[in-house]
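What follows is the content of run_39.txt, which has compact mmCIF, N, CA and C atoms:
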```
# COMPACT_ATOMS: atom_id res chain seq x y z
N MET A 1 0.85 -1.15 0.00
CA MET A 1 0.00 0.00 0.00
C MET A 1 0.90 1.23 0.00
N PHE A 2 0.59 2.17 -0.90
CA PHE A 2 1.38 3.39 -0.99
C PHE A 2 0.92 4.47 -0.02
N ASP A 3 -0.40 4.56 0.18
CA ASP A 3 -0.92 5.63 1.03
C ASP A 3 -2.30 5.25 1.55
N LEU A 4 -2.67 5.81 2.67
CA LEU A 4 -3.96 5.62 3.31
C LEU A 4 -4.36 6.97 3.86
N GLY A 5 -5.59 7.38 3.62
CA GLY A 5 -5.98 8.69 4.13
C GLY A 5 -7.48 8.85 4.24
N GLU A 6 -7.86 10.01 4.70
CA GLU A 6 -9.28 10.34 4.88
C GLU A 6 -9.49 11.74 4.34
N GLU A 7 -10.61 11.94 3.68
CA GLU A 7 -10.92 13.23 3.07
C GLU A 7 -12.34 13.63 3.43
N GLU A 8 -12.49 14.89 3.82
CA GLU A 8 -13.84 15.39 4.10
C GLU A 8 -14.46 15.85 2.79
N ARG A 9 -15.67 15.39 2.53
CA ARG A 9 -16.38 15.73 1.30
C ARG A 9 -17.52 16.69 1.63
N THR A 10 -18.40 16.90 0.67
CA THR A 10 -19.53 17.80 0.89
C THR A 10 -20.50 17.21 1.91
N ARG A 11 -21.28 18.08 2.52
CA ARG A 11 -22.31 17.69 3.50
C ARG A 11 -21.75 16.85 4.65
N GLY A 12 -20.50 17.06 5.01
CA GLY A 12 -19.93 16.37 6.15
C GLY A 12 -19.55 14.92 5.90
N GLU A 13 -19.66 14.45 4.66
CA GLU A 13 -19.25 13.07 4.35
C GLU A 13 -17.75 12.95 4.49
N ARG A 14 -17.29 11.79 4.94
CA ARG A 14 -15.86 11.52 5.03
C ARG A 14 -15.57 10.28 4.20
N TRP A 15 -14.59 10.38 3.33
CA TRP A 15 -14.18 9.25 2.48
C TRP A 15 -12.81 8.78 2.94
N ILE A 16 -12.68 7.49 3.13
CA ILE A 16 -11.39 6.89 3.45
C ILE A 16 -10.88 6.24 2.17
N TYR A 17 -9.62 6.44 1.87
CA TYR A 17 -9.08 5.91 0.63
C TYR A 17 -7.76 5.17 0.85
N LEU A 18 -7.47 4.26 -0.04
CA LEU A 18 -6.21 3.52 -0.09
C LEU A 18 -5.63 3.72 -1.48
N ILE A 19 -4.33 3.91 -1.57
CA ILE A 19 -3.65 3.95 -2.86
C ILE A 19 -2.72 2.75 -2.90
N MET A 20 -3.02 1.85 -3.83
CA MET A 20 -2.26 0.61 -3.93
C MET A 20 -1.82 0.39 -5.36
N PRO A 21 -0.75 -0.37 -5.55
CA PRO A 21 -0.31 -0.66 -6.92
C PRO A 21 -1.28 -1.63 -7.58
N LEU A 22 -1.37 -1.55 -8.90
CA LEU A 22 -2.17 -2.51 -9.65
C LEU A 22 -1.37 -3.79 -9.78
N VAL A 23 -1.95 -4.89 -9.37
CA VAL A 23 -1.29 -6.19 -9.45
C VAL A 23 -1.97 -6.98 -10.57
N ALA A 24 -1.19 -7.38 -11.55
CA ALA A 24 -1.73 -8.13 -12.68
C ALA A 24 -2.19 -9.52 -12.23
N GLY A 25 -3.23 -10.01 -12.85
CA GLY A 25 -3.73 -11.34 -12.53
C GLY A 25 -5.23 -11.35 -12.42
N GLY A 26 -5.77 -12.51 -12.09
CA GLY A 26 -7.21 -12.67 -11.97
C GLY A 26 -7.70 -12.25 -10.60
N ASN A 27 -8.97 -12.55 -10.35
CA ASN A 27 -9.52 -12.26 -9.04
C ASN A 27 -10.29 -13.48 -8.54
N LEU A 28 -10.69 -13.44 -7.30
CA LEU A 28 -11.34 -14.57 -6.67
C LEU A 28 -12.64 -14.95 -7.38
N ARG A 29 -13.37 -13.98 -7.85
CA ARG A 29 -14.62 -14.27 -8.56
C ARG A 29 -14.37 -15.18 -9.76
N HIS A 30 -13.33 -14.86 -10.54
CA HIS A 30 -13.01 -15.69 -11.71
C HIS A 30 -12.59 -17.10 -11.30
N VAL A 31 -11.83 -17.21 -10.22
CA VAL A 31 -11.42 -18.53 -9.73
C VAL A 31 -12.65 -19.36 -9.38
N LEU A 32 -13.58 -18.76 -8.66
CA LEU A 32 -14.77 -19.49 -8.22
C LEU A 32 -15.72 -19.81 -9.37
N LEU A 33 -15.78 -18.94 -10.38
CA LEU A 33 -16.65 -19.20 -11.53
C LEU A 33 -16.09 -20.28 -12.45
N ASP A 34 -14.80 -20.59 -12.32
CA ASP A 34 -14.19 -21.63 -13.15
C ASP A 34 -14.62 -23.04 -12.75
N GLY A 35 -15.27 -23.18 -11.62
CA GLY A 35 -15.74 -24.50 -11.18
C GLY A 35 -15.24 -24.83 -9.79
N PRO A 36 -15.44 -26.08 -9.40
CA PRO A 36 -15.05 -26.50 -8.05
C PRO A 36 -13.56 -26.25 -7.77
N VAL A 37 -13.28 -25.90 -6.53
CA VAL A 37 -11.91 -25.62 -6.08
C VAL A 37 -11.50 -26.73 -5.13
N THR A 38 -10.32 -27.29 -5.33
CA THR A 38 -9.85 -28.34 -4.42
C THR A 38 -9.61 -27.74 -3.04
N TRP A 39 -9.60 -28.57 -2.03
CA TRP A 39 -9.38 -28.04 -0.69
C TRP A 39 -7.97 -27.45 -0.58
N GLN A 40 -7.01 -28.01 -1.30
CA GLN A 40 -5.65 -27.48 -1.27
C GLN A 40 -5.62 -26.06 -1.85
N ARG A 41 -6.33 -25.86 -2.95
CA ARG A 41 -6.39 -24.54 -3.57
C ARG A 41 -7.14 -23.57 -2.65
N ALA A 42 -8.22 -24.04 -2.02
CA ALA A 42 -8.99 -23.19 -1.11
C ALA A 42 -8.13 -22.74 0.07
N VAL A 43 -7.31 -23.64 0.61
CA VAL A 43 -6.42 -23.28 1.72
C VAL A 43 -5.40 -22.24 1.26
N GLY A 44 -4.85 -22.42 0.07
CA GLY A 44 -3.89 -21.46 -0.47
C GLY A 44 -4.51 -20.08 -0.67
N LEU A 45 -5.74 -20.05 -1.19
CA LEU A 45 -6.44 -18.78 -1.39
C LEU A 45 -6.75 -18.11 -0.06
N ALA A 46 -7.19 -18.91 0.91
CA ALA A 46 -7.51 -18.36 2.24
C ALA A 46 -6.26 -17.78 2.89
N ARG A 47 -5.13 -18.44 2.73
CA ARG A 47 -3.88 -17.92 3.31
C ARG A 47 -3.51 -16.58 2.70
N GLN A 48 -3.67 -16.47 1.38
CA GLN A 48 -3.37 -15.19 0.72
C GLN A 48 -4.31 -14.09 1.20
N LEU A 49 -5.59 -14.41 1.29
CA LEU A 49 -6.57 -13.44 1.75
C LEU A 49 -6.27 -12.98 3.17
N LEU A 50 -6.00 -13.92 4.05
CA LEU A 50 -5.72 -13.58 5.45
C LEU A 50 -4.42 -12.81 5.60
N ALA A 51 -3.42 -13.12 4.78
CA ALA A 51 -2.15 -12.37 4.82
C ALA A 51 -2.39 -10.92 4.42
N GLY A 52 -3.22 -10.71 3.40
CA GLY A 52 -3.54 -9.35 2.98
C GLY A 52 -4.29 -8.59 4.05
N LEU A 53 -5.26 -9.24 4.67
CA LEU A 53 -6.02 -8.58 5.75
C LEU A 53 -5.13 -8.29 6.96
N ALA A 54 -4.21 -9.21 7.26
CA ALA A 54 -3.29 -8.99 8.38
C ALA A 54 -2.38 -7.79 8.11
N ALA A 55 -1.93 -7.66 6.86
CA ALA A 55 -1.08 -6.52 6.51
C ALA A 55 -1.85 -5.21 6.66
N LEU A 56 -3.10 -5.18 6.18
CA LEU A 56 -3.92 -3.97 6.35
C LEU A 56 -4.16 -3.67 7.82
N HIS A 57 -4.48 -4.71 8.58
CA HIS A 57 -4.76 -4.52 10.00
C HIS A 57 -3.55 -3.99 10.74
N SER A 58 -2.35 -4.45 10.36
CA SER A 58 -1.13 -3.98 11.03
C SER A 58 -0.90 -2.49 10.78
N LEU A 59 -1.49 -1.96 9.71
CA LEU A 59 -1.38 -0.53 9.40
C LEU A 59 -2.54 0.27 10.00
N GLY A 60 -3.43 -0.42 10.72
CA GLY A 60 -4.56 0.26 11.35
C GLY A 60 -5.77 0.38 10.46
N ALA A 61 -5.80 -0.37 9.36
CA ALA A 61 -6.93 -0.31 8.43
C ALA A 61 -7.58 -1.67 8.35
N LEU A 62 -8.86 -1.67 8.03
CA LEU A 62 -9.57 -2.92 7.80
C LEU A 62 -10.62 -2.65 6.74
N HIS A 63 -10.70 -3.50 5.75
CA HIS A 63 -11.63 -3.31 4.65
C HIS A 63 -13.06 -3.25 5.19
N ARG A 64 -13.81 -2.26 4.79
CA ARG A 64 -15.14 -2.01 5.34
C ARG A 64 -16.07 -3.22 5.17
N ASP A 65 -16.05 -3.88 4.01
CA ASP A 65 -16.93 -5.03 3.80
C ASP A 65 -16.61 -6.16 4.76
N ILE A 66 -15.33 -6.39 5.01
CA ILE A 66 -14.93 -7.45 5.94
C ILE A 66 -15.34 -7.06 7.36
N ALA A 67 -15.11 -5.81 7.73
CA ALA A 67 -15.46 -5.36 9.08
C ALA A 67 -16.97 -5.47 9.29
N ARG A 68 -17.75 -5.12 8.31
CA ARG A 68 -19.20 -5.17 8.44
C ARG A 68 -19.66 -6.62 8.52
N TRP A 69 -19.01 -7.51 7.79
CA TRP A 69 -19.38 -8.91 7.79
C TRP A 69 -19.14 -9.54 9.16
N HIS A 70 -18.02 -9.18 9.79
CA HIS A 70 -17.69 -9.75 11.10
C HIS A 70 -18.35 -8.98 12.26
N TYR A 71 -18.47 -7.69 12.11
CA TYR A 71 -18.97 -6.86 13.19
C TYR A 71 -20.13 -6.01 12.68
N PRO A 72 -21.36 -6.51 12.75
CA PRO A 72 -22.50 -5.76 12.20
C PRO A 72 -22.58 -4.35 12.76
N CYS A 73 -22.85 -3.40 11.88
CA CYS A 73 -22.96 -1.99 12.31
C CYS A 73 -24.41 -1.62 12.50
```
Render the structure in this file as structure tokens.
Amino acid sequence: MFDLGEEERTRGERWIYLIMPLVAGGNLRHVLLDGPVTWQRAVGLARQLLAGLAALHSLGALHRDIARWHYPC
């Protein structure tokens, strides 16, 4: 991640943003649409996902969708 910040918008709205490099490759949606995933592949994908979330969390950030899924607002 290159930068993390917060910006005040109109009407008191606050936007939080992340600036990250573009990483070439597919995404999880495409992997799942390709058909069944072996348990070995699922474990590998889960490890990558959790490593990314751990890195964000160590910087004091957490993806809003993940936070809402675990901690209802």
Computed gap from CA of Met1 (chain A) to atom C of Leu22 (chain A) is 10.6 Å
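Here atom N of Gly5 (chain A) and atom N of His30 (chain A) stand 27.5 Å from one another.
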- request: Using DSSP on the backbone coordinates, identify the residues of chain A assigned to helix (DSSP H, G or I); present them as a VMD selection string.
  value: chain A and resid 10 to 12 28 to 33 39 to 58 64 to 70
Which of chain A counts as strand (DSSP E) under DSSP, as a PDB file with N, CA and C atoms, in the frame of the given file please?
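Generated file (result_19.pdb):
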```
ATOM      1  N   ASP A   3      -0.400   4.560   0.180  1.00  0.00           N
ATOM      2  CA  ASP A   3      -0.920   5.630   1.030  1.00  0.00           C
ATOM      3  C   ASP A   3      -2.300   5.250   1.550  1.00  0.00           C
ATOM      4  N   LEU A   4      -2.670   5.810   2.670  1.00  0.00           N
ATOM      5  CA  LEU A   4      -3.960   5.620   3.310  1.00  0.00           C
ATOM      6  C   LEU A   4      -4.360   6.970   3.860  1.00  0.00           C
ATOM      7  N   GLY A   5      -5.590   7.380   3.620  1.00  0.00           N
ATOM      8  CA  GLY A   5      -5.980   8.690   4.130  1.00  0.00           C
ATOM      9  C   GLY A   5      -7.480   8.850   4.240  1.00  0.00           C
ATOM     10  N   GLU A   6      -7.860  10.010   4.700  1.00  0.00           N
ATOM     11  CA  GLU A   6      -9.280  10.340   4.880  1.00  0.00           C
ATOM     12  C   GLU A   6      -9.490  11.740   4.340  1.00  0.00           C
ATOM     13  N   GLU A   7     -10.610  11.940   3.680  1.00  0.00           N
ATOM     14  CA  GLU A   7     -10.920  13.230   3.070  1.00  0.00           C
ATOM     15  C   GLU A   7     -12.340  13.630   3.430  1.00  0.00           C
ATOM     16  N   GLU A   8     -12.490  14.890   3.820  1.00  0.00           N
ATOM     17  CA  GLU A   8     -13.840  15.390   4.100  1.00  0.00           C
ATOM     18  C   GLU A   8     -14.460  15.850   2.790  1.00  0.00           C
ATOM     19  N   ARG A  14     -17.290  11.790   4.940  1.00  0.00           N
ATOM     20  CA  ARG A  14     -15.860  11.520   5.030  1.00  0.00           C
ATOM     21  C   ARG A  14     -15.570  10.280   4.200  1.00  0.00           C
ATOM     22  N   TRP A  15     -14.590  10.380   3.330  1.00  0.00           N
ATOM     23  CA  TRP A  15     -14.180   9.250   2.480  1.00  0.00           C
ATOM     24  C   TRP A  15     -12.810   8.780   2.940  1.00  0.00           C
ATOM     25  N   ILE A  16     -12.680   7.490   3.130  1.00  0.00           N
ATOM     26  CA  ILE A  16     -11.390   6.890   3.450  1.00  0.00           C
ATOM     27  C   ILE A  16     -10.880   6.240   2.170  1.00  0.00           C
ATOM     28  N   TYR A  17      -9.620   6.440   1.870  1.00  0.00           N
ATOM     29  CA  TYR A  17      -9.080   5.910   0.630  1.00  0.00           C
ATOM     30  C   TYR A  17      -7.760   5.170   0.850  1.00  0.00           C
ATOM     31  N   LEU A  18      -7.470   4.260  -0.040  1.00  0.00           N
ATOM     32  CA  LEU A  18      -6.210   3.520  -0.090  1.00  0.00           C
ATOM     33  C   LEU A  18      -5.630   3.720  -1.480  1.00  0.00           C
ATOM     34  N   ILE A  19      -4.330   3.910  -1.570  1.00  0.00           N
ATOM     35  CA  ILE A  19      -3.650   3.950  -2.860  1.00  0.00           C
ATOM     36  C   ILE A  19      -2.720   2.750  -2.900  1.00  0.00           C
TER      37      ILE A  19
END
```
For a quick check of your reading of the model, name the residues lying within 6.5 Å of the coordinate (1.0, 6.8, -5.2), counting all atoms listed in the file, and write them as number ranges by chain.
A: 2-3, 19
**Prompt:** What does the distance from CA of Trp39 (chain A) to CA of Gly52 (chain A) come to in Å, to one decimal?
**Reply:**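 Answer for the CA of Trp39 (chain A) to CA of Gly52 (chain A) separation: 19.9 Å.
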Leu56 (chain A) proximity check over A:Val43, A:Leu33, A:Leu18, A:Leu28, using only C-alpha atoms: winner is A:Leu18
Centre and edges of the region 40-44 of chain A box, axis-aligned, 4 Å extra per side, as AutoDock Vina command-line options:
```
--center_x -6.4 --center_y -24.0 --center_z -0.9 --size_x 13.1 --size_y 15.9 --size_z 13.3
```
